[in-house]
>>> print(open('entry_4.cif').read())   # mmCIF, C-alpha atoms
data_final
loop_
_atom_site.group_PDB
_atom_site.id
_atom_site.type_symbol
_atom_site.label_atom_id
_atom_site.label_comp_id
_atom_site.auth_asym_id
_atom_site.auth_seq_id
_atom_site.Cartn_x
_atom_site.Cartn_y
_atom_site.Cartn_z
ATOM 1 C CA MET A 1 -49.012 72.516 -81.716
ATOM 2 C CA THR A 2 -45.404 71.833 -80.845
ATOM 3 C CA LYS A 3 -43.501 71.153 -77.666
ATOM 4 C CA ALA A 4 -40.920 73.631 -76.443
ATOM 5 C CA ILE A 5 -38.336 74.574 -73.852
ATOM 6 C CA PHE A 6 -39.087 77.703 -71.798
ATOM 7 C CA THR A 7 -36.074 79.182 -70.000
ATOM 8 C CA SER A 8 -36.935 80.642 -66.589
ATOM 9 C CA SER A 9 -34.651 81.930 -63.863
ATOM 10 C CA PRO A 10 -35.607 83.051 -60.323
ATOM 11 C CA GLY A 11 -34.883 86.710 -59.836
ATOM 12 C CA SER A 12 -34.837 87.631 -63.528
ATOM 13 C CA HIS A 13 -36.411 90.899 -64.662
ATOM 14 C CA TYR A 14 -39.187 89.010 -66.478
ATOM 15 C CA LYS A 15 -42.496 88.697 -64.643
ATOM 16 C CA ASP A 16 -42.568 84.934 -64.616
ATOM 17 C CA LEU A 17 -44.589 82.820 -62.232
ATOM 18 C CA PRO A 18 -43.824 79.451 -63.874
ATOM 19 C CA GLU A 19 -46.835 77.737 -62.311
ATOM 20 C CA ILE A 20 -49.212 80.340 -63.763
ATOM 21 C CA GLN A 21 -47.618 82.514 -66.447
ATOM 22 C CA TYR A 22 -44.489 82.923 -68.567
ATOM 23 C CA HIS A 23 -43.377 86.431 -69.551
ATOM 24 C CA PHE A 24 -41.493 86.922 -72.806
ATOM 25 C CA PRO A 25 -40.612 89.512 -75.508
ATOM 26 C CA ARG A 26 -42.084 89.624 -79.015
ATOM 27 C CA THR A 27 -38.935 87.862 -80.329
ATOM 28 C CA TYR A 28 -40.408 84.527 -79.207
ATOM 29 C CA LEU A 29 -44.082 85.153 -79.982
ATOM 30 C CA ARG A 30 -44.272 82.777 -82.957
ATOM 31 C CA GLN A 31 -42.596 79.922 -81.081
ATOM 32 C CA VAL A 32 -44.786 80.361 -78.000
ATOM 33 C CA GLU A 33 -47.974 80.564 -80.055
ATOM 34 C CA ALA A 34 -46.988 77.295 -81.746
ATOM 35 C CA ALA A 35 -46.832 75.659 -78.296
ATOM 36 C CA VAL A 36 -50.381 76.631 -77.257
ATOM 37 C CA GLY A 37 -52.235 73.476 -76.247
ATOM 38 C CA ASP A 38 -49.056 71.448 -75.924
ATOM 39 C CA TRP A 39 -46.505 70.584 -73.251
ATOM 40 C CA ILE A 40 -43.397 72.614 -72.464
ATOM 41 C CA ILE A 41 -40.408 71.868 -70.255
ATOM 42 C CA TYR A 42 -38.868 74.533 -68.049
ATOM 43 C CA TYR A 43 -35.109 74.993 -68.044
ATOM 44 C CA GLU A 44 -33.152 77.045 -65.517
ATOM 45 C CA PRO A 45 -29.983 78.561 -67.015
ATOM 46 C CA ARG A 46 -26.880 79.816 -65.287
ATOM 47 C CA ARG A 47 -27.987 82.748 -63.166
ATOM 48 C CA ASP A 48 -26.681 86.255 -63.635
ATOM 49 C CA LYS A 49 -24.241 86.908 -60.776
ATOM 50 C CA GLY A 50 -25.763 90.334 -60.417
ATOM 51 C CA ILE A 51 -29.068 88.688 -59.567
ATOM 52 C CA SER A 52 -27.927 85.681 -57.568
ATOM 53 C CA SER A 53 -24.744 84.824 -55.706
ATOM 54 C CA SER A 54 -25.070 81.206 -56.794
ATOM 55 C CA GLY A 55 -24.960 79.874 -60.310
ATOM 56 C CA GLY A 56 -28.119 78.592 -61.931
ATOM 57 C CA ARG A 57 -28.896 74.906 -61.843
ATOM 58 C CA GLN A 58 -28.472 74.569 -65.625
ATOM 59 C CA ALA A 59 -31.126 71.886 -65.605
ATOM 60 C CA TYR A 60 -34.640 71.024 -66.745
ATOM 61 C CA PHE A 61 -36.825 71.266 -63.647
ATOM 62 C CA ALA A 62 -40.552 71.071 -64.456
ATOM 63 C CA VAL A 63 -43.193 70.356 -67.073
ATOM 64 C CA ALA A 64 -46.333 72.377 -67.831
ATOM 65 C CA ARG A 65 -48.847 73.087 -70.572
ATOM 66 C CA VAL A 66 -49.488 76.334 -72.479
ATOM 67 C CA THR A 67 -53.158 77.314 -72.629
ATOM 68 C CA GLY A 68 -52.969 80.702 -74.306
ATOM 69 C CA VAL A 69 -51.015 83.871 -75.110
ATOM 70 C CA ARG A 70 -51.949 87.453 -74.231
ATOM 71 C CA PRO A 71 -50.246 90.854 -74.505
ATOM 72 C CA ASP A 72 -48.643 92.430 -71.448
ATOM 73 C CA PRO A 73 -50.826 95.525 -70.909
ATOM 74 C CA ASP A 74 -48.054 97.277 -68.989
ATOM 75 C CA GLN A 75 -45.012 96.637 -71.193
ATOM 76 C CA SER A 76 -45.105 97.177 -74.922
ATOM 77 C CA GLY A 77 -43.700 94.360 -77.043
ATOM 78 C CA HIS A 78 -44.044 91.770 -74.286
ATOM 79 C CA PHE A 79 -46.516 88.929 -73.748
ATOM 80 C CA TYR A 80 -47.650 86.304 -71.273
ATOM 81 C CA ALA A 81 -48.119 82.611 -71.930
ATOM 82 C CA ASP A 82 -50.831 81.243 -69.656
ATOM 83 C CA ILE A 83 -49.753 78.013 -67.976
ATOM 84 C CA SER A 84 -51.588 75.015 -66.527
ATOM 85 C CA ASP A 85 -50.730 71.491 -65.304
ATOM 86 C CA TYR A 86 -47.390 72.584 -63.850
ATOM 87 C CA LEU A 87 -45.468 69.760 -62.173
ATOM 88 C CA PRO A 88 -41.859 69.874 -60.908
ATOM 89 C CA PHE A 89 -39.527 66.990 -61.666
ATOM 90 C CA ASP A 90 -38.377 64.569 -58.995
ATOM 91 C CA ASN A 91 -34.886 64.814 -60.478
ATOM 92 C CA LEU A 92 -33.183 67.832 -61.964
ATOM 93 C CA VAL A 93 -32.037 66.895 -65.472
ATOM 94 C CA SER A 94 -28.796 68.483 -66.650
ATOM 95 C CA PHE A 95 -28.835 69.691 -70.251
ATOM 96 C CA ARG A 96 -25.945 67.328 -70.947
ATOM 97 C CA ASP A 97 -25.049 63.851 -69.712
ATOM 98 C CA GLY A 98 -21.430 63.368 -70.712
ATOM 99 C CA LYS A 99 -21.386 63.815 -74.471
ATOM 100 C CA HIS A 100 -25.137 63.291 -74.767
ATOM 101 C CA TYR A 101 -27.290 66.427 -75.136
ATOM 102 C CA TYR A 102 -30.964 66.048 -74.252
ATOM 103 C CA GLU A 103 -31.710 68.713 -76.876
ATOM 104 C CA SER A 104 -30.002 67.825 -80.134
ATOM 105 C CA LEU A 105 -30.307 71.510 -81.085
ATOM 106 C CA LEU A 106 -27.698 72.342 -78.443
ATOM 107 C CA ARG A 107 -24.980 70.130 -79.924
ATOM 108 C CA LYS A 108 -22.818 71.216 -82.837
ATOM 109 C CA ALA A 109 -21.581 68.724 -85.399
ATOM 110 C CA ASP A 110 -18.130 68.738 -83.752
ATOM 111 C CA GLY A 111 -19.648 67.864 -80.367
ATOM 112 C CA ALA A 112 -19.311 71.331 -78.848
ATOM 113 C CA THR A 113 -22.216 73.241 -77.274
ATOM 114 C CA ASN A 114 -24.161 75.418 -79.676
ATOM 115 C CA LYS A 115 -24.051 78.631 -77.632
ATOM 116 C CA GLY A 116 -26.233 80.498 -80.093
ATOM 117 C CA ALA A 117 -29.064 77.992 -79.684
ATOM 118 C CA PHE A 118 -28.415 77.807 -75.941
ATOM 119 C CA GLY A 119 -28.948 81.551 -75.657
ATOM 120 C CA ARG A 120 -32.515 81.360 -76.944
ATOM 121 C CA ALA A 121 -35.086 81.592 -74.137
ATOM 122 C CA VAL A 122 -37.690 79.595 -76.094
ATOM 123 C CA ARG A 123 -36.662 76.573 -78.158
ATOM 124 C CA GLN A 124 -38.777 74.090 -80.059
ATOM 125 C CA LEU A 125 -38.428 70.528 -78.805
ATOM 126 C CA PRO A 126 -38.996 67.324 -80.789
ATOM 127 C CA ASP A 127 -41.522 65.002 -79.175
ATOM 128 C CA GLU A 128 -39.053 62.129 -78.721
ATOM 129 C CA GLU A 129 -36.589 64.413 -76.901
ATOM 130 C CA CYS A 130 -39.388 65.753 -74.699
ATOM 131 C CA GLN A 131 -40.316 62.210 -73.676
ATOM 132 C CA ILE A 132 -36.700 61.343 -72.805
ATOM 133 C CA ILE A 133 -36.380 64.427 -70.577
ATOM 134 C CA LEU A 134 -39.673 63.593 -68.847
ATOM 135 C CA GLN A 135 -38.573 60.017 -68.220
ATOM 136 C CA ALA A 136 -35.323 61.266 -66.696
ATOM 137 C CA GLY A 137 -37.179 63.839 -64.595
ATOM 138 C CA PHE A 138 -39.712 61.471 -63.044
ATOM 139 C CA MET A 139 -38.141 58.018 -63.066
ATOM 140 C CA ARG A 140 -37.093 56.896 -59.588
ATOM 141 C CA GLU A 141 -36.770 53.850 -57.387
ATOM 142 C CA PRO A 142 -39.715 53.719 -54.935
ATOM 143 C CA ALA A 143 -38.955 53.312 -51.247
ATOM 144 C CA ALA A 144 -39.892 49.992 -49.647
ATOM 145 C CA TRP A 145 -42.998 51.408 -47.970
ATOM 146 C CA GLU A 146 -44.146 52.900 -51.305
ATOM 147 C CA ARG A 147 -43.921 49.509 -53.001
ATOM 148 C CA GLU A 148 -46.003 47.978 -50.221
ATOM 149 C CA THR A 149 -48.748 50.596 -50.584
ATOM 150 C CA GLU A 150 -48.609 50.687 -54.419
ATOM 151 C CA SER A 151 -47.760 54.381 -54.445
ATOM 152 C CA PRO A 152 -48.153 55.651 -58.050
ATOM 153 C CA THR A 153 -44.936 56.006 -60.033
ATOM 154 C CA LEU A 154 -44.310 56.769 -63.672
ATOM 155 C CA ALA A 155 -45.867 53.894 -65.626
ATOM 156 C CA THR A 156 -44.219 52.416 -68.693
ATOM 157 C CA ASP A 157 -47.359 50.825 -70.133
ATOM 158 C CA ARG A 158 -49.138 54.045 -71.127
ATOM 159 C CA PRO A 159 -48.153 57.276 -72.926
ATOM 160 C CA ILE A 160 -46.180 59.567 -70.624
ATOM 161 C CA TYR A 161 -48.440 62.537 -71.422
ATOM 162 C CA ASP A 162 -51.441 60.569 -70.112
ATOM 163 C CA GLU A 163 -49.567 60.099 -66.843
ATOM 164 C CA LEU A 164 -49.023 63.840 -66.469
ATOM 165 C CA ILE A 165 -52.751 64.545 -66.209
ATOM 166 C CA ARG A 166 -53.652 61.589 -63.962
ATOM 167 C CA ARG A 167 -54.655 62.878 -60.539
ATOM 168 C CA PRO A 168 -53.149 59.921 -58.589
ATOM 169 C CA PHE A 169 -49.749 60.452 -60.217
ATOM 170 C CA ARG A 170 -49.827 64.222 -59.672
ATOM 171 C CA ASP A 171 -51.037 63.913 -56.065
ATOM 172 C CA GLU A 172 -48.244 61.513 -55.199
ATOM 173 C CA ALA A 173 -45.583 63.624 -56.931
ATOM 174 C CA PHE A 174 -46.805 66.720 -55.056
ATOM 175 C CA ARG A 175 -46.867 64.874 -51.723
ATOM 176 C CA ARG A 176 -43.389 63.471 -52.265
ATOM 177 C CA GLN A 177 -41.859 66.814 -53.197
ATOM 178 C CA VAL A 178 -43.490 68.769 -50.344
ATOM 179 C CA ARG A 179 -42.367 66.158 -47.830
ATOM 180 C CA ARG A 180 -38.838 66.384 -49.199
ATOM 181 C CA ALA A 181 -38.801 70.204 -49.029
ATOM 182 C CA TYR A 182 -39.962 70.164 -45.383
ATOM 183 C CA ASP A 183 -37.791 67.176 -44.418
ATOM 184 C CA ASN A 184 -40.921 65.138 -43.538
ATOM 185 C CA THR A 185 -41.604 67.637 -40.737
ATOM 186 C CA CYS A 186 -44.897 69.347 -39.906
ATOM 187 C CA ALA A 187 -44.560 73.094 -40.554
ATOM 188 C CA ASN A 188 -46.870 73.831 -37.610
ATOM 189 C CA SER A 189 -45.730 71.489 -34.848
ATOM 190 C CA GLY A 190 -42.168 70.644 -35.886
ATOM 191 C CA LEU A 191 -42.984 66.940 -35.458
ATOM 192 C CA LYS A 192 -41.193 64.464 -37.694
ATOM 193 C CA LEU A 193 -42.894 61.098 -37.332
ATOM 194 C CA ILE A 194 -41.736 58.088 -39.391
ATOM 195 C CA ASN A 195 -43.288 54.654 -38.904
ATOM 196 C CA GLY A 196 -41.306 51.438 -38.628
ATOM 197 C CA GLY A 197 -41.510 50.864 -42.373
ATOM 198 C CA GLY A 198 -40.115 54.306 -43.187
ATOM 199 C CA ARG A 199 -43.384 56.010 -44.135
ATOM 200 C CA PRO A 200 -43.666 59.665 -42.999
ATOM 201 C CA GLU A 201 -46.830 60.696 -41.158
ATOM 202 C CA VAL A 202 -46.853 64.267 -42.463
ATOM 203 C CA GLU A 203 -49.187 65.146 -45.351
ATOM 204 C CA ALA A 204 -48.971 67.721 -48.164
ATOM 205 C CA ALA A 205 -51.577 70.493 -48.221
ATOM 206 C CA HIS A 206 -52.279 72.714 -51.230
ATOM 207 C CA ILE A 207 -52.345 76.396 -50.228
ATOM 208 C CA ARG A 208 -54.531 77.379 -53.180
ATOM 209 C CA PRO A 209 -56.774 74.332 -53.699
ATOM 210 C CA VAL A 210 -56.602 72.293 -56.895
ATOM 211 C CA GLU A 211 -60.284 72.991 -57.562
ATOM 212 C CA HIS A 212 -59.413 76.700 -57.609
ATOM 213 C CA GLN A 213 -56.567 76.192 -60.116
ATOM 214 C CA GLY A 214 -53.943 75.732 -57.413
ATOM 215 C CA PRO A 215 -50.817 74.195 -59.000
ATOM 216 C CA ASP A 216 -49.024 71.054 -57.836
ATOM 217 C CA SER A 217 -45.970 73.097 -56.919
ATOM 218 C CA VAL A 218 -43.927 72.963 -53.720
ATOM 219 C CA ARG A 219 -44.410 76.748 -53.526
ATOM 220 C CA ASN A 220 -48.154 76.064 -53.277
ATOM 221 C CA GLY A 221 -47.702 73.450 -50.577
ATOM 222 C CA LEU A 222 -47.294 72.975 -46.835
ATOM 223 C CA ALA A 223 -46.267 69.875 -44.913
ATOM 224 C CA LEU A 224 -48.826 69.357 -42.132
ATOM 225 C CA THR A 225 -49.937 66.570 -39.834
ATOM 226 C CA GLY A 226 -53.349 65.125 -40.636
ATOM 227 C CA THR A 227 -55.372 67.117 -38.102
ATOM 228 C CA VAL A 228 -53.728 70.430 -38.972
ATOM 229 C CA HIS A 229 -54.190 69.674 -42.691
ATOM 230 C CA TRP A 230 -57.901 69.173 -41.989
ATOM 231 C CA LEU A 231 -58.110 72.537 -40.193
ATOM 232 C CA PHE A 232 -56.220 74.282 -43.003
ATOM 233 C CA ASP A 233 -58.400 72.854 -45.795
ATOM 234 C CA ARG A 234 -61.517 74.085 -43.987
ATOM 235 C CA GLY A 235 -60.229 77.630 -43.607
ATOM 236 C CA LEU A 236 -60.012 77.461 -39.819
ATOM 237 C CA ILE A 237 -56.319 78.345 -40.000
ATOM 238 C CA SER A 238 -54.220 80.134 -42.605
ATOM 239 C CA LEU A 239 -50.964 82.058 -43.038
ATOM 240 C CA ASP A 240 -50.104 85.720 -43.425
ATOM 241 C CA ASP A 241 -47.392 87.065 -45.743
ATOM 242 C CA ASP A 242 -44.755 86.579 -43.019
ATOM 243 C CA TYR A 243 -45.627 82.869 -42.696
ATOM 244 C CA ARG A 244 -47.321 83.387 -39.328
ATOM 245 C CA LEU A 245 -50.377 81.377 -38.358
ATOM 246 C CA LEU A 246 -53.810 82.958 -38.528
ATOM 247 C CA ALA A 247 -56.572 81.171 -36.637
ATOM 248 C CA SER A 248 -60.333 81.499 -36.463
ATOM 249 C CA GLU A 249 -60.110 80.682 -32.778
ATOM 250 C CA LYS A 250 -63.838 80.883 -32.044
ATOM 251 C CA ASP A 251 -64.513 78.310 -34.772
ATOM 252 C CA LEU A 252 -61.749 75.828 -33.927
ATOM 253 C CA PRO A 253 -63.131 72.489 -32.728
ATOM 254 C CA PRO A 254 -62.754 71.730 -28.996
ATOM 255 C CA GLY A 255 -59.203 70.637 -28.255
ATOM 256 C CA ALA A 256 -57.780 72.014 -31.516
ATOM 257 C CA GLN A 257 -56.744 75.246 -29.794
ATOM 258 C CA SER A 258 -53.878 73.369 -28.171
ATOM 259 C CA LEU A 259 -52.464 72.542 -31.618
ATOM 260 C CA ILE A 260 -52.493 76.084 -32.982
ATOM 261 C CA VAL A 261 -50.629 79.126 -31.670
ATOM 262 C CA SER A 262 -51.945 82.159 -33.522
ATOM 263 C CA GLY A 263 -49.130 84.472 -34.635
ATOM 264 C CA LYS A 264 -46.451 81.769 -34.507
ATOM 265 C CA GLN A 265 -44.199 81.568 -37.552
ATOM 266 C CA ILE A 266 -44.236 78.125 -39.136
ATOM 267 C CA SER A 267 -41.132 76.075 -39.859
ATOM 268 C CA LEU A 268 -39.986 76.722 -43.424
ATOM 269 C CA PRO A 269 -37.938 74.852 -46.040
ATOM 270 C CA GLU A 270 -34.214 75.587 -46.117
ATOM 271 C CA THR A 271 -34.334 76.099 -49.889
ATOM 272 C CA PRO A 272 -35.609 79.617 -50.772
ATOM 273 C CA ASP A 273 -37.134 78.360 -54.032
ATOM 274 C CA ALA A 274 -39.451 76.081 -51.992
ATOM 275 C CA LEU A 275 -40.935 78.807 -49.767
ATOM 276 C CA PRO A 276 -44.709 79.387 -50.010
ATOM 277 C CA HIS A 277 -45.205 81.973 -52.749
ATOM 278 C CA PRO A 278 -47.080 85.229 -51.979
ATOM 279 C CA ALA A 279 -49.321 84.724 -55.037
ATOM 280 C CA PHE A 280 -50.713 81.542 -53.515
ATOM 281 C CA LEU A 281 -50.801 82.848 -49.947
ATOM 282 C CA ARG A 282 -53.020 85.699 -51.146
#
>>> encode(input="entry_4.cif", output="structure tokens")
Amino acid sequence: MTKAIFTSSPGSHYKDLPEIQYHFPRTYLRQVEAAVGDWIIYYEPRRDKGISSSGGRQAYFAVARVTGVRPDPDQSGHFYADISDYLPFDNLVSFRDGKHYYESLLRKADGATNKGAFGRAVRQLPDEECQIILQAGFMREPAAWERETESPTLATDRPIYDELIRRPFRDEAFRRQVRRAYDNTCANSGLKLINGGGRPEVEAAHIRPVEHQGPDSVRNGLALTGTVHWLFDRGLISLDDDYRLLASEKDLPPGAQSLIVSGKQISLPETPDALPHPAFLR
């Protein structure tokens, strides 16, 4: 097993769904097979202007684990890496911080960027460099209310890879990132309630549940008040492909009908990359 960088760009012609699968040509088969069972870090390159009007973030943005490799039955010479344990970073990590390159492979002896290495979609990653990128991606200063409630943050007294599979750490990272994407506002009601200590009332709901292999991705999340979250988790409300509310009105508890307007489009994140993904809505 070996750790690796997987390059992934929204809108590319590859059939990536980074939370679930990574699509790649035979060129990288050996490197991807070597990463099976180990952690990988996703990197978003500069985007092709023909695909996107804005440049790519040129940053490491998430961590995940490779569980297997399988051929693409529809495209000869291409494969899928199956992905689990996907978790976006709190902080985007640029490939370079001044003269320091997070991947030593990307730096030439004269200090210039190794464009040949940079152009490879899959790159092996030494363990120590992987840990440094992860620390940069998740390290943050907790808010005052988080310190008071002992909200889980990245611990320094245990291996970082142990942290990545701990449910309390993942739950809190997911909650934090969904709240940020929705500006601490309920997608159903539009309410933004913050208590005197700065803690938001809104919760983060998984669209595809964790117990059904739902990833801890913003694209698999909704910001909802507690009561609406409860209704959503029990299948009494849902969303269609146009982000409009579906309601099992005859099964809604008494009084809940006033909270739900069937057919109403929910409030959505401003960032397109944070929108609920059709794969999870299905």
>>> closest_residue(input="entry_4.cif", among="A:Gly214, A:Pro88, A:Gly190, A:Gly98", to="A:Arg176", atoms="only C-alpha atoms")
A:Pro88
>>> resolve_selection(input="entry_4.cif", expression="the PyMOL selection byres ((chain A and resi 104-120) around 10)", output="number ranges by chain")
A: 5-7, 27-28, 45, 95-96, 99-103, 121-126, 129
>>> closest_residue(input="entry_4.cif", among="A:Ser84, A:Glu19, A:Ala62, A:Pro71", to="A:Gly37", atoms="only C-alpha atoms")
A:Ser84
>>> closest_residue(input="entry_4.cif", among="A:Pro25, A:Gly137, A:Gly77, A:Pro159", to="A:Tyr60", atoms="all atoms listed in the file")
A:Gly137
>>> residues_around(input="entry_4.cif", residues="A:Ser267", least_positions_apart="3", cutoff="8 Å", atoms="all atoms listed in the file", output="list in words")
Cys186, Ala187, Asn188 and Gly190 of chain A
>>> residues_near_point(input="entry_4.cif", point="(-37.9, 65.6, -43.4)", cutoff="12 Å", atoms="all atoms listed in the file", output="list in words")
Arg176, Gln177, Val178, Arg179, Arg180, Ala181, Tyr182, Asp183, Asn184, Thr185, Cys186, Ala187, Gly190, Leu191, Lys192, Leu193, Ile194, Gly198, Arg199, Pro200, Glu201, Val202, Glu203, Ala223, Leu224, Ser267, Leu268, Pro269 and Glu270 of chain A
>>> write_last_selection(input="entry_4.cif", atoms="C-alpha atoms", output="PDB file, in the coordinates of the input")
ATOM      1  CA  ARG A 176     -43.389  63.471 -52.265  1.00  0.00           C
ATOM      2  CA  GLN A 177     -41.859  66.814 -53.197  1.00  0.00           C
ATOM      3  CA  VAL A 178     -43.490  68.769 -50.344  1.00  0.00           C
ATOM      4  CA  ARG A 179     -42.367  66.158 -47.830  1.00  0.00           C
ATOM      5  CA  ARG A 180     -38.838  66.384 -49.199  1.00  0.00           C
ATOM      6  CA  ALA A 181     -38.801  70.204 -49.029  1.00  0.00           C
ATOM      7  CA  TYR A 182     -39.962  70.164 -45.383  1.00  0.00           C
ATOM      8  CA  ASP A 183     -37.791  67.176 -44.418  1.00  0.00           C
ATOM      9  CA  ASN A 184     -40.921  65.138 -43.538  1.00  0.00           C
ATOM     10  CA  THR A 185     -41.604  67.637 -40.737  1.00  0.00           C
ATOM     11  CA  CYS A 186     -44.897  69.347 -39.906  1.00  0.00           C
ATOM     12  CA  ALA A 187     -44.560  73.094 -40.554  1.00  0.00           C
ATOM     13  CA  GLY A 190     -42.168  70.644 -35.886  1.00  0.00           C
ATOM     14  CA  LEU A 191     -42.984  66.940 -35.458  1.00  0.00           C
ATOM     15  CA  LYS A 192     -41.193  64.464 -37.694  1.00  0.00           C
ATOM     16  CA  LEU A 193     -42.894  61.098 -37.332  1.00  0.00           C
ATOM     17  CA  ILE A 194     -41.736  58.088 -39.391  1.00  0.00           C
ATOM     18  CA  GLY A 198     -40.115  54.306 -43.187  1.00  0.00           C
ATOM     19  CA  ARG A 199     -43.384  56.010 -44.135  1.00  0.00           C
ATOM     20  CA  PRO A 200     -43.666  59.665 -42.999  1.00  0.00           C
ATOM     21  CA  GLU A 201     -46.830  60.696 -41.158  1.00  0.00           C
ATOM     22  CA  VAL A 202     -46.853  64.267 -42.463  1.00  0.00           C
ATOM     23  CA  GLU A 203     -49.187  65.146 -45.351  1.00  0.00           C
ATOM     24  CA  ALA A 223     -46.267  69.875 -44.913  1.00  0.00           C
ATOM     25  CA  LEU A 224     -48.826  69.357 -42.132  1.00  0.00           C
ATOM     26  CA  SER A 267     -41.132  76.075 -39.859  1.00  0.00           C
ATOM     27  CA  LEU A 268     -39.986  76.722 -43.424  1.00  0.00           C
ATOM     28  CA  PRO A 269     -37.938  74.852 -46.040  1.00  0.00           C
ATOM     29  CA  GLU A 270     -34.214  75.587 -46.117  1.00  0.00           C
TER      30      GLU A 270
END
>>> closest_residue(input="entry_4.cif", among="A:Tyr161, A:His13, A:Val218, A:Lys3", to="A:Phe89", atoms="all atoms listed in the file")
A:Val218
>>> atom_distance(input="entry_4.cif", atom1="atom CA of A:Ile133", atom2="atom CA of A:His78")
28.6 Å
>>> resolve_selection(input="entry_4.cif", expression="the PyMOL selection byres ((chain A and resi 35) around 6)", output="list of chain:residue names")
A:Met1, A:Thr2, A:Lys3, A:Val32, A:Glu33, A:Ala34, A:Val36, A:Asp38
>>> axis_aligned_box(input="entry_4.cif", around="stretch 206-210 of chain A", padding_each_side="6 Å", output="JSON")
{"center_x": -54.5, "center_y": 74.8, "center_z": -53.6, "size_x": 16.5, "size_y": 17.1, "size_z": 18.7}
>>> atom_distance(input="entry_4.cif", atom1="atom CA of A:Arg140", atom2="atom CA of A:Asn91")
8.3 Å
>>> atom_distance(input="entry_4.cif", atom1="atom CA of A:Ile41", atom2="atom CA of A:Ser12")
18.0 Å
>>> build_atoms(input="entry_4.cif", residues="stretch 246-251 of chain A", atoms="all heavy atoms", output="compact mmCIF listing (two decimals), in the frame of the given file")
# COMPACT_ATOMS: atom_id res chain seq x y z
N LEU A 246 -52.57 82.25 -38.80
CA LEU A 246 -53.81 82.96 -38.53
C LEU A 246 -54.83 81.90 -38.13
O LEU A 246 -54.91 80.85 -38.77
CB LEU A 246 -54.29 83.71 -39.77
CG LEU A 246 -53.32 84.72 -40.39
CD1 LEU A 246 -53.86 85.20 -41.74
CD2 LEU A 246 -53.11 85.89 -39.44
N ALA A 247 -55.61 82.17 -37.11
CA ALA A 247 -56.57 81.17 -36.64
C ALA A 247 -57.93 81.81 -36.38
O ALA A 247 -58.02 82.90 -35.82
CB ALA A 247 -56.07 80.51 -35.36
N SER A 248 -58.97 81.11 -36.82
CA SER A 248 -60.33 81.50 -36.46
C SER A 248 -60.65 80.80 -35.14
O SER A 248 -61.30 79.76 -35.09
CB SER A 248 -61.31 81.06 -37.56
OG SER A 248 -62.63 81.39 -37.22
N GLU A 249 -60.13 81.38 -34.07
CA GLU A 249 -60.11 80.68 -32.78
C GLU A 249 -61.51 80.32 -32.28
O GLU A 249 -61.71 79.26 -31.68
CB GLU A 249 -59.35 81.52 -31.75
CG GLU A 249 -57.87 81.70 -32.12
CD GLU A 249 -57.10 82.49 -31.08
OE1 GLU A 249 -57.69 82.82 -30.02
OE2 GLU A 249 -55.92 82.79 -31.34
N LYS A 250 -62.49 81.18 -32.54
CA LYS A 250 -63.84 80.88 -32.04
C LYS A 250 -64.47 79.71 -32.79
O LYS A 250 -65.42 79.10 -32.29
CB LYS A 250 -64.74 82.12 -32.15
CG LYS A 250 -64.99 82.61 -33.57
CD LYS A 250 -65.85 83.86 -33.56
CE LYS A 250 -66.09 84.39 -34.97
NZ LYS A 250 -66.87 83.46 -35.79
N ASP A 251 -63.94 79.40 -33.98
CA ASP A 251 -64.51 78.31 -34.77
C ASP A 251 -63.71 77.01 -34.69
O ASP A 251 -64.14 75.99 -35.23
CB ASP A 251 -64.60 78.73 -36.25
CG ASP A 251 -65.56 79.89 -36.46
OD1 ASP A 251 -66.61 79.90 -35.79
OD2 ASP A 251 -65.27 80.76 -37.29
